[in-house]
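J.: As input, take target.cif (mmCIF, C-alpha atoms):
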data_coords
loop_
_atom_site.label_atom_id
_atom_site.label_comp_id
_atom_site.auth_asym_id
_atom_site.auth_seq_id
_atom_site.Cartn_x
_atom_site.Cartn_y
_atom_site.Cartn_z
CA MET A 20 124.86 138.43 49.82
CA ASN A 21 126.70 135.14 49.56
CA ARG A 22 127.01 134.95 53.35
CA ARG A 23 123.29 135.55 53.79
CA ARG A 24 122.49 132.94 51.17
CA LEU A 25 124.75 130.41 52.86
CA GLN A 26 123.20 131.17 56.25
CA ARG A 27 119.68 130.67 54.87
CA GLN A 28 120.80 127.42 53.25
CA ARG A 29 122.25 126.16 56.55
CA GLU A 30 119.02 127.02 58.38
CA ALA A 31 116.97 125.24 55.72
CA ASP A 32 119.19 122.17 55.98
CA GLN A 33 118.84 122.16 59.77
CA GLN A 34 115.04 122.28 59.46
CA LYS A 35 115.08 119.37 57.00
CA LEU A 36 117.31 117.40 59.38
CA LEU A 37 114.96 118.13 62.30
CA LYS A 38 111.91 117.03 60.31
CA ALA A 39 113.69 113.85 59.23
CA THR A 40 114.58 113.13 62.87
CA VAL A 41 110.96 113.66 63.93
CA ARG A 42 109.74 111.31 61.23
CA LYS A 43 112.37 108.76 62.21
CA HIS A 44 111.27 108.68 65.87
CA LEU A 45 107.54 108.99 65.25
CA ASN A 46 106.84 106.90 62.17
CA ALA A 47 104.76 103.75 62.53
CA ASP A 48 107.68 101.34 62.50
CA ALA A 49 109.55 103.30 65.18
CA LEU A 50 106.51 103.57 67.44
CA ASN A 51 105.60 99.89 67.07
CA GLY A 52 109.18 98.96 67.88
CA ALA A 53 109.22 101.25 70.92
CA VAL A 54 105.96 99.79 72.20
CA ARG A 55 107.30 96.28 71.78
CA GLU A 56 110.48 97.12 73.73
CA THR A 57 108.42 98.34 76.69
CA PHE A 58 106.19 95.24 76.53
CA GLU A 59 109.28 93.05 76.81
CA GLN A 60 109.73 94.45 80.33
CA VAL A 61 106.23 93.45 81.50
CA PRO A 62 106.60 90.58 83.99
CA GLU A 63 104.92 87.28 83.20
CA PRO A 64 102.10 86.70 85.77
CA GLY A 65 102.34 83.35 87.54
CA ASN A 66 104.97 80.66 87.21
CA GLY A 67 103.66 78.76 84.19
CA GLU A 68 105.64 78.03 81.05
CA TYR A 69 103.98 79.20 77.87
CA SER A 70 104.66 78.53 74.22
CA ILE A 71 103.79 82.11 73.24
CA PRO A 72 105.71 84.94 74.94
CA LEU A 73 103.66 87.53 76.82
CA THR A 74 105.20 90.22 74.59
CA ASP A 75 103.58 88.65 71.54
CA CYS A 76 100.23 88.45 73.37
CA LEU A 77 100.39 92.14 74.31
CA MET A 78 101.51 93.16 70.83
CA SER A 79 98.66 91.11 69.36
CA GLY A 80 96.14 93.04 71.44
CA TYR A 81 97.80 96.31 70.44
CA ALA A 82 97.79 95.24 66.77
CA MET A 83 94.10 94.29 66.96
CA PHE A 84 93.18 97.85 67.94
CA SER A 85 95.71 99.45 65.59
CA LEU A 86 94.13 97.52 62.70
CA LYS A 87 90.62 98.29 64.04
CA ASP A 88 89.46 94.68 64.08
CA PRO A 89 85.88 94.61 65.44
CA SER A 90 86.38 91.49 67.59
CA LEU A 91 88.90 88.92 68.78
CA LEU A 92 87.40 86.50 66.30
CA ALA A 93 88.16 88.91 63.44
CA PHE A 94 91.75 89.23 64.65
CA ASP A 95 91.96 85.44 64.96
CA ARG A 96 91.05 85.17 61.28
CA ARG A 97 93.72 87.76 60.48
CA ARG A 98 96.22 85.77 62.57
CA VAL A 99 95.66 82.74 60.36
CA ALA A 100 95.63 84.62 57.06
CA GLU A 101 98.22 87.37 57.66
CA GLN A 102 100.83 86.07 60.08
CA HIS A 103 103.63 87.39 57.87
CA ASN A 104 102.20 90.93 57.97
CA LEU A 105 101.79 90.80 61.75
CA GLU A 106 105.43 89.82 62.08
CA SER A 107 106.77 92.41 59.64
CA ILE A 108 104.69 95.32 60.99
CA PHE A 109 104.38 94.53 64.70
CA GLY A 110 107.18 92.00 65.28
CA ILE A 111 104.70 89.31 66.37
CA GLU A 112 106.37 85.93 65.85
CA LEU A 113 103.57 83.85 67.45
CA ALA A 114 100.12 85.41 67.60
CA PRO A 115 97.75 83.78 70.13
CA CYS A 116 94.24 82.62 69.27
CA ASP A 117 91.36 84.51 70.86
CA THR A 118 91.08 82.17 73.86
CA GLN A 119 94.82 82.28 74.51
CA MET A 120 94.86 86.06 74.34
CA ARG A 121 92.10 86.37 76.92
CA THR A 122 93.75 83.85 79.24
CA ARG A 123 97.19 85.43 79.04
CA LEU A 124 96.14 89.08 79.34
CA ASP A 125 93.60 88.71 82.16
CA PRO A 126 96.15 88.59 85.04
CA VAL A 127 98.38 91.40 83.64
CA GLU A 128 98.40 94.55 85.79
CA PRO A 129 97.21 97.48 83.59
CA ASP A 130 99.79 99.84 85.09
CA PHE A 131 102.58 97.69 83.63
CA LEU A 132 101.58 99.16 80.25
CA ARG A 133 102.19 102.76 81.31
CA PRO A 134 105.86 102.75 80.21
CA ALA A 135 104.67 102.34 76.60
CA TYR A 136 102.71 105.58 76.87
CA ASN A 137 105.64 107.33 78.49
CA GLU A 138 108.02 106.24 75.73
CA VAL A 139 105.70 107.57 73.00
CA PHE A 140 105.27 110.78 75.03
CA ARG A 141 109.06 111.23 75.26
CA ARG A 142 109.31 110.82 71.50
CA ALA A 143 106.62 113.46 71.01
CA GLN A 144 108.57 115.81 73.29
CA ARG A 145 111.81 115.08 71.42
CA GLY A 146 110.04 115.87 68.15
CA LYS A 147 108.86 119.25 69.53
CA LEU A 148 105.23 118.21 69.09
CA LEU A 149 104.24 119.27 72.60
CA GLU A 150 105.34 122.81 71.82
CA LYS A 151 102.46 122.98 69.33
CA MET A 152 100.04 121.96 72.09
CA THR A 153 100.92 124.73 74.58
CA PHE A 154 98.25 127.40 74.77
CA MET A 155 98.23 129.47 77.94
CA GLU A 156 100.99 130.42 80.37
CA GLY A 157 103.32 127.88 78.73
CA CYS A 158 101.03 125.02 79.80
CA VAL A 159 99.52 122.11 77.94
CA LEU A 160 95.80 121.68 78.37
CA VAL A 161 94.57 118.31 79.70
CA SER A 162 90.88 117.52 79.33
CA GLY A 163 89.61 114.70 81.55
CA ASP A 164 86.31 112.90 81.99
CA GLY A 165 84.81 109.54 82.88
CA THR A 166 82.93 107.32 80.46
CA ALA A 167 81.18 103.95 80.53
CA TYR A 168 82.24 101.43 77.90
CA PHE A 169 80.35 98.32 79.03
CA VAL A 170 76.82 98.03 80.42
CA SER A 171 74.81 94.82 80.86
CA ASP A 172 72.14 93.30 83.08
CA LYS A 173 73.33 89.76 82.27
CA LEU A 174 77.12 89.65 81.85
CA SER A 175 79.51 90.70 84.59
CA SER A 176 82.94 90.23 86.10
CA PRO A 177 84.26 90.78 89.64
CA ALA A 178 85.55 94.20 88.53
CA CYS A 179 82.12 95.46 87.39
CA LEU A 180 80.33 98.28 89.14
CA LYS A 181 76.84 97.33 90.33
CA LYS A 182 73.72 99.49 90.22
CA ILE A 183 70.57 98.15 91.89
CA CYS A 184 67.20 99.60 90.88
CA SER A 185 65.38 100.59 94.07
CA LYS A 186 61.96 99.77 92.57
CA THR A 187 62.59 96.45 90.83
CA GLY A 188 65.80 95.21 92.47
CA LYS A 189 67.28 94.69 88.99
CA ILE A 190 71.09 94.79 88.91
CA THR A 191 72.95 96.56 86.10
CA TYR A 192 76.68 95.87 85.67
CA SER A 193 79.08 98.35 84.10
CA LEU A 194 82.73 99.12 83.48
CA GLN A 195 83.97 102.69 83.26
CA THR A 196 87.23 104.55 82.92
CA TYR A 197 88.58 108.02 83.63
CA ALA A 198 90.45 109.24 80.57
CA ALA A 199 92.51 112.36 79.95
CA VAL A 200 93.96 113.76 76.73
CA ILE A 201 96.18 116.71 75.88
CA VAL A 202 94.15 119.07 73.71
CA HIS A 203 94.46 122.49 72.08
CA PRO A 204 91.54 124.83 71.26
CA GLU A 205 92.84 125.39 67.75
CA ARG A 206 93.95 121.85 66.85
CA LYS A 207 91.97 118.73 66.00
CA GLU A 208 94.48 116.12 67.17
CA VAL A 209 94.67 114.99 70.80
CA ILE A 210 97.40 113.17 72.72
CA PRO A 211 95.92 110.47 75.01
CA LEU A 212 97.43 109.81 78.42
CA PRO A 213 97.06 106.46 80.23
CA PRO A 214 93.42 106.01 81.34
CA GLU A 215 92.54 105.04 84.90
CA PRO A 216 89.90 102.30 85.22
CA ILE A 217 86.87 102.84 87.45
CA PHE A 218 86.31 99.35 88.80
CA ASN A 219 85.71 97.36 91.96
CA HIS A 220 88.95 96.26 93.55
CA ASP A 221 89.53 92.82 95.05
CA GLY A 222 87.44 92.36 98.18
CA ASP A 223 85.86 95.82 97.92
CA ASN A 224 82.08 95.73 98.21
CA LYS A 225 81.69 99.49 97.68
CA ASN A 226 81.55 100.79 94.10
CA ASP A 227 84.54 102.72 92.83
CA CYS A 228 83.76 106.21 91.49
CA GLU A 229 85.08 108.79 89.06
CA ARG A 230 86.41 111.01 91.85
CA ASN A 231 88.56 108.21 93.29
CA ALA A 232 89.78 107.25 89.82
CA CYS A 233 90.70 110.86 89.09
CA ARG A 234 92.68 111.05 92.34
CA ARG A 235 94.60 107.90 91.38
CA TRP A 236 95.13 109.29 87.88
CA LEU A 237 96.62 112.52 89.26
CA GLU A 238 99.07 110.65 91.48
CA LYS A 239 100.27 108.44 88.63
CA PHE A 240 100.38 111.35 86.18
CA ARG A 241 102.66 113.38 88.43
CA LYS A 242 104.99 110.43 88.92
CA ASP A 243 105.28 110.02 85.15
CA HIS A 244 105.52 113.78 84.39
CA PRO A 245 106.76 115.58 87.51
CA HIS A 246 107.72 118.81 85.71
CA LEU A 247 105.08 119.14 82.99
CA LYS A 248 103.11 122.41 83.27
CA VAL A 249 99.43 121.59 82.82
CA ILE A 250 95.97 123.07 83.01
CA ILE A 251 93.26 120.55 83.91
CA THR A 252 89.81 121.21 82.47
CA GLU A 253 86.80 119.07 83.43
CA ASP A 254 83.01 119.10 83.52
CA GLY A 255 80.51 120.26 86.14
CA LEU A 256 81.10 117.27 88.44
CA SER A 257 84.65 118.42 89.22
CA PRO A 258 84.30 121.79 91.06
CA ASN A 259 84.36 120.51 94.65
CA ALA A 260 86.76 121.29 97.44
CA PRO A 261 88.44 117.85 97.78
CA HIS A 262 89.16 117.65 94.05
CA ILE A 263 90.47 121.22 93.87
CA ARG A 264 92.78 120.52 96.80
CA ASP A 265 94.03 117.42 94.94
CA LEU A 266 94.76 119.55 91.86
CA ILE A 267 96.64 122.12 93.92
CA GLU A 268 98.61 119.39 95.73
CA HIS A 269 99.72 117.93 92.38
CA ARG A 270 100.69 121.36 91.01
CA CYS A 271 98.01 121.54 88.35
CA HIS A 272 96.33 124.71 87.16
CA PHE A 273 92.62 124.22 86.58
CA ILE A 274 89.68 125.61 84.63
CA LEU A 275 86.56 123.68 85.70
CA GLY A 276 83.06 124.03 84.31
CA LEU A 277 80.12 124.91 86.56
CA LYS A 278 76.65 123.47 86.05
CA GLU A 279 73.99 126.12 86.26
CA GLY A 280 72.13 125.83 89.56
CA ASP A 281 74.67 123.52 91.21
CA HIS A 282 76.69 126.20 93.01
CA THR A 283 74.25 128.65 94.56
CA TYR A 284 76.89 129.95 96.97
CA LEU A 285 79.20 130.99 94.12
CA SER A 286 76.28 132.51 92.22
CA THR A 287 75.34 134.52 95.28
CA CYS A 288 78.93 135.75 95.68
CA LEU A 289 79.09 136.75 92.02
CA ASP A 290 75.75 138.59 92.17
CA ALA A 291 76.84 140.38 95.35
CA ALA A 292 80.10 141.44 93.68
CA VAL A 293 78.11 142.84 90.74
CA GLU A 294 75.87 144.86 93.06
CA LYS A 295 78.90 146.27 94.90
CA GLY A 296 80.67 147.11 91.65
CA GLU A 297 83.48 144.68 92.46
CA ALA A 298 82.93 142.38 89.46
CA ILE A 299 84.40 143.21 86.07
CA GLU A 300 82.01 143.18 83.09
CA TYR A 301 82.89 143.84 79.47
CA ASP A 302 82.20 142.59 75.94
CA ILE A 303 84.22 142.20 72.76
CA GLN A 304 83.51 141.40 69.14
CA ASP A 305 84.86 138.08 67.93
CA PRO A 306 88.22 138.73 66.23
CA GLN A 307 87.33 136.44 63.31
CA ASN A 308 83.52 136.73 63.03
CA PRO A 309 81.91 140.19 63.37
CA LYS A 310 78.48 138.58 63.90
CA VAL A 311 79.62 136.98 67.17
CA HIS A 312 79.93 138.89 70.44
CA HIS A 313 81.50 137.71 73.70
CA PHE A 314 80.30 138.99 77.07
CA PHE A 315 82.42 138.41 80.19
CA ARG A 316 81.77 138.86 83.88
CA PHE A 317 84.28 137.80 86.50
CA VAL A 318 85.33 138.13 90.11
CA ASN A 319 88.52 136.93 91.84
CA ARG A 320 89.18 135.37 95.23
CA VAL A 321 85.83 134.03 96.42
CA PRO A 322 85.35 130.88 98.58
CA ILE A 323 84.37 127.72 96.71
CA ASN A 324 81.49 127.22 99.19
CA ALA A 325 80.36 128.14 102.69
CA SER A 326 82.11 125.11 104.23
CA ASN A 327 85.52 125.90 102.71
CA GLN A 328 86.04 129.61 103.28
CA ASP A 329 89.81 129.20 103.07
CA LEU A 330 89.71 127.76 99.54
CA LEU A 331 89.58 130.82 97.28
CA ILE A 332 88.95 130.51 93.56
CA ASN A 333 88.18 132.86 90.67
CA VAL A 334 84.89 132.80 88.74
CA LEU A 335 84.34 133.62 85.06
CA GLU A 336 80.84 133.89 83.62
CA TYR A 337 80.51 134.10 79.85
CA TRP A 338 77.84 134.57 77.16
CA GLU A 339 78.26 134.17 73.42
CA GLU A 340 75.72 135.86 71.18
CA SER A 341 75.50 134.93 67.49
CA PRO A 342 72.84 134.57 64.81
CA ALA A 343 72.37 130.99 66.06
CA GLY A 344 71.38 132.20 69.53
CA THR A 345 72.94 132.76 72.97
CA GLN A 346 75.16 130.33 74.84
CA HIS A 347 76.05 130.66 78.51
CA PHE A 348 79.00 129.11 80.37
CA CYS A 349 80.67 129.50 83.74
CA TRP A 350 84.05 128.31 85.03
CA ILE A 351 86.19 128.47 88.14
CA THR A 352 89.96 128.71 87.91
CA ASP A 353 93.11 129.30 89.92
CA PHE A 354 94.31 131.86 87.36
CA THR A 355 93.73 135.46 88.40
CA ILE A 356 91.23 136.62 85.78
CA THR A 357 91.88 139.85 83.91
CA ARG A 358 90.57 141.51 80.78
CA ASP A 359 93.70 140.30 79.02
CA ASN A 360 93.29 136.58 79.77
CA ALA A 361 89.50 136.11 80.10
CA TYR A 362 89.17 135.25 76.40
CA SER A 363 91.96 132.63 76.65
CA ILE A 364 90.39 131.12 79.78
CA MET A 365 87.09 130.87 77.92
CA ARG A 366 88.75 129.15 74.95
CA THR A 367 90.52 126.76 77.31
CA GLY A 368 87.32 125.91 79.20
CA ARG A 369 85.39 125.23 76.01
CA ALA A 370 88.14 122.91 74.76
CA ARG A 371 87.02 120.44 77.45
CA TRP A 372 84.63 118.94 74.90
CA LYS A 373 87.55 117.53 72.93
CA VAL A 374 87.78 114.58 75.33
CA GLU A 375 84.19 113.81 74.33
CA ASN A 376 84.27 114.61 70.61
CA GLU A 377 87.83 113.88 69.50
CA THR A 378 88.39 110.98 71.92
CA PHE A 379 85.34 109.07 73.20
CA ASN A 380 83.33 109.67 70.03
CA THR A 381 86.26 108.56 67.87
CA LEU A 382 86.91 105.43 69.92
CA LYS A 383 83.23 104.46 70.06
CA ASN A 384 82.10 105.33 66.53
CA GLN A 385 85.09 105.47 64.20
CA GLY A 386 86.52 101.99 64.07
CA TYR A 387 88.02 101.30 67.50
CA HIS A 388 84.83 99.63 68.84
CA PHE A 389 85.31 101.00 72.35
CA GLU A 390 81.89 99.77 73.51
CA HIS A 391 82.33 96.26 72.08
CA ASN A 392 82.88 93.57 74.70
CA TYR A 393 86.29 92.13 73.80
CA GLY A 394 86.23 90.13 77.03
CA LEU A 395 85.52 90.80 80.71
CA GLY A 396 87.81 88.20 82.25
CA GLN A 397 88.01 87.46 85.95
CA LYS A 398 90.54 90.12 86.88
CA ASN A 399 92.08 92.75 84.56
CA LEU A 400 91.26 91.67 81.00
CA SER A 401 88.84 94.46 80.14
CA MET A 402 91.11 97.16 81.60
CA VAL A 403 94.14 95.76 79.75
CA PHE A 404 92.19 95.94 76.50
CA VAL A 405 91.25 99.57 77.25
CA MET A 406 94.92 100.41 77.87
CA LEU A 407 95.92 98.77 74.59
CA MET A 408 93.14 100.54 72.69
CA PHE A 409 94.11 103.99 73.97
CA LEU A 410 97.75 103.19 73.23
CA ALA A 411 96.91 102.27 69.63
CA PHE A 412 94.93 105.51 69.38
CA LEU A 413 97.89 107.46 70.79
CA CYS A 414 100.29 106.02 68.26
CA VAL A 415 98.32 107.35 65.31
CA ARG A 416 98.11 110.83 66.87
CA PRO A 417 101.62 112.21 67.59
CA HIS A 418 102.70 112.22 63.96
CA LYS A 419 99.36 113.26 62.46
CA PRO A 420 99.79 116.41 60.36
CA SER A 421 97.86 119.50 61.48
#
Mind converting the file's structure to C-alpha cells?
T.:
Amino acid sequence: MNRRRLQRQREADQQKLLKATVRKHLNADALNGAVRETFEQVPEPGNGEYSIPLTDCLMSGYAMFSLKDPSLLAFDRRRVAEQHNLESIFGIELAPCDTQMRTRLDPVEPDFLRPAYNEVFRRAQRGKLLEKMTFMEGCVLVSGDGTAYFVSDKLSSPACLKKICSKTGKITYSLQTYAAVIVHPERKEVIPLPPEPIFNHDGDNKNDCERNACRRWLEKFRKDHPHLKVIITEDGLSPNAPHIRDLIEHRCHFILGLKEGDHTYLSTCLDAAVEKGEAIEYDIQDPQNPKVHHFFRFVNRVPINASNQDLLINVLEYWEESPAGTQHFCWITDFTITRDNAYSIMRTGRARWKVENETFNTLKNQGYHFEHNYGLGQKNLSMVFVMLMFLAFLCVRPHKPS
C-alpha cells in the first residue's frame, strides 16, 4: 500500500511540474518576451538612423492589438499616459507616435513576422496543447478562408484590389487576406496561423485572388511545419482540381465543402452509384440527442470532374434531421469513407465554420477592430498590422482554459 501511495504521489507531483512548466512557457510575460526576441531579428528596412528601434515599433503595434485599442490615436494617448506599463508588460522602452509607427512599419516585409508565430507554436507543442487539438487520424484540423477587411470607393493604396462596376465605371478598392486556424469540433478555442495577404504586388496590374494566396500559404506553411499532420477544411470555392493537387503536393489531407448545384458531374456520379447499388446509405441517432438523426450517403473513388478523370476523390452527402428542420451538406475528401469514419468526417467538415465564427467574427466584433483602417500605407503597412493583430489574437489563445 505504501508503494502504491508513493507511486501515486510521484505521478501527481510530475503532473504539477508539467502544468507549472506549461504556465511558465505560455503565460503572458513569457509570450510577450518571446515575441520581442523574434522581433529583434527583423531587419531594419533602408539605411536610415532612427531614434526608436524597429523592435519597439513592432512591439507597439503588437501591444496596440493586445490591448484592443480602437485606433492609433487611442494607442498614442496610452503611450503618453502609460509608458511605464508598456515598458513593464511589453518591454517597450520608446513607443512611437502614430505617424512614426506608420512610417516605420510600412516598408517591413510581413513574412519577417512569421518567426514570432512559429515560436508561440513551438511553445504550444512543448506544452502538449496541440495534443488536445487532434481529432481524426492523429491530425490537427486547419480551417481556412478568405475575408475582406477594408473596402472603400475613396481611399486606396498600391496594394489594394480594384473592382470596376461594368455599368457605372465606379472603382471599389479592397484589401483581403487568406487566414487559417487550427480548430477542433469540440473546443471553442482556435490557434491562428500566419495569414497570407491577398493584395496586388509591385508592378502587377492583375488582381490577386484567394486561390493564389492559398497556394502561397500552403508553401509557407509546409516550410514552417514540414512534419505536422493536418486536415484542411474549406468552403465551396475550394473543390477544384488545381487546389486539390496543391493539397496533395503539400501532404495535406482535405475535407472540402461542396456548394449545391456547383458540381453537377459529381452529383451525377453519386446518383449513378445509388442506382447501381454502389453507394453506401445509412442513418444513425445522435449519440447525445435522441431527437436528432444523421443520414449518410457516400461513394469512394470518383473523378473530381470530366476534365480530370485521373483525380479521384471520395464524396460524402449528409442530412441532419431535428425538431428545428433538415440541414443538408456535402463534402469531398481524400479519406476513404466508411461507416466507421463518416460521422467524424461530417464533424470535421462542419468545424470549418470556426474560422468564420471563432476567428473573423471575434476579430471584427469583439474588440480587435479588424475592419478599422489603422493605415493603408504605400507598401506593406496594412498587411503588417494584420499580422500583428492575428499574432496578438494567437497569444491569448494557447493558454486559454477549455
J.: Compare A:Tyr284, A:Phe314, A:Trp236, A:Phe379 by their minimum atom-to-atom distance to Ile299 (chain A), counting only C-alpha atoms, and give me the closest one.
T.: A:Phe314
J.: Apply the PyMOL selection byres ((chain A and resi 129-132) around 7) to the displayed file and report the matching residues as a list in words.
T.: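 Applied to this file, the PyMOL selection byres ((chain A and resi 129-132) around 7) returns Val61, Val127, Glu128, Arg133, Pro134, Ala135, Met402, Val403 and Met406 of chain A.
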J.: Could you please take those selected residues and save C-alpha atoms as a JSON list (two decimals), keeping the file's coordinate frame?
T.:
[["chain", "number", "residue", "atom", "x", "y", "z"],
["A", 61, "VAL", "CA", 106.23, 93.45, 81.50],
["A", 127, "VAL", "CA", 98.38, 91.40, 83.64],
["A", 128, "GLU", "CA", 98.40, 94.55, 85.79],
["A", 133, "ARG", "CA", 102.19, 102.76, 81.31],
["A", 134, "PRO", "CA", 105.86, 102.75, 80.21],
["A", 135, "ALA", "CA", 104.67, 102.34, 76.60],
["A", 402, "MET", "CA", 91.11, 97.16, 81.60],
["A", 403, "VAL", "CA", 94.14, 95.76, 79.75],
["A", 406, "MET", "CA", 94.92, 100.41, 77.87]]
J.: To one decimal place, how far is CA of Tyr301 (chain A) from CA of Pro342 (chain A) in Å?
T.: 20.0 Å
J.: Excluding same-chain residues fewer than 3 positions from region 257-265 of chain A, what lies within 10 Å of it counting only C-alpha atoms, as a count of residues only?
T.: 37
J.: Is it possible to get the residues within 9 Å of (77.7, 137.3, 84.7) (coordinates as in the file, counting all atoms listed in the file) written as a ChimeraX atom specification?
T.: /A:289-290,293,298,300,314-317,335-338,349
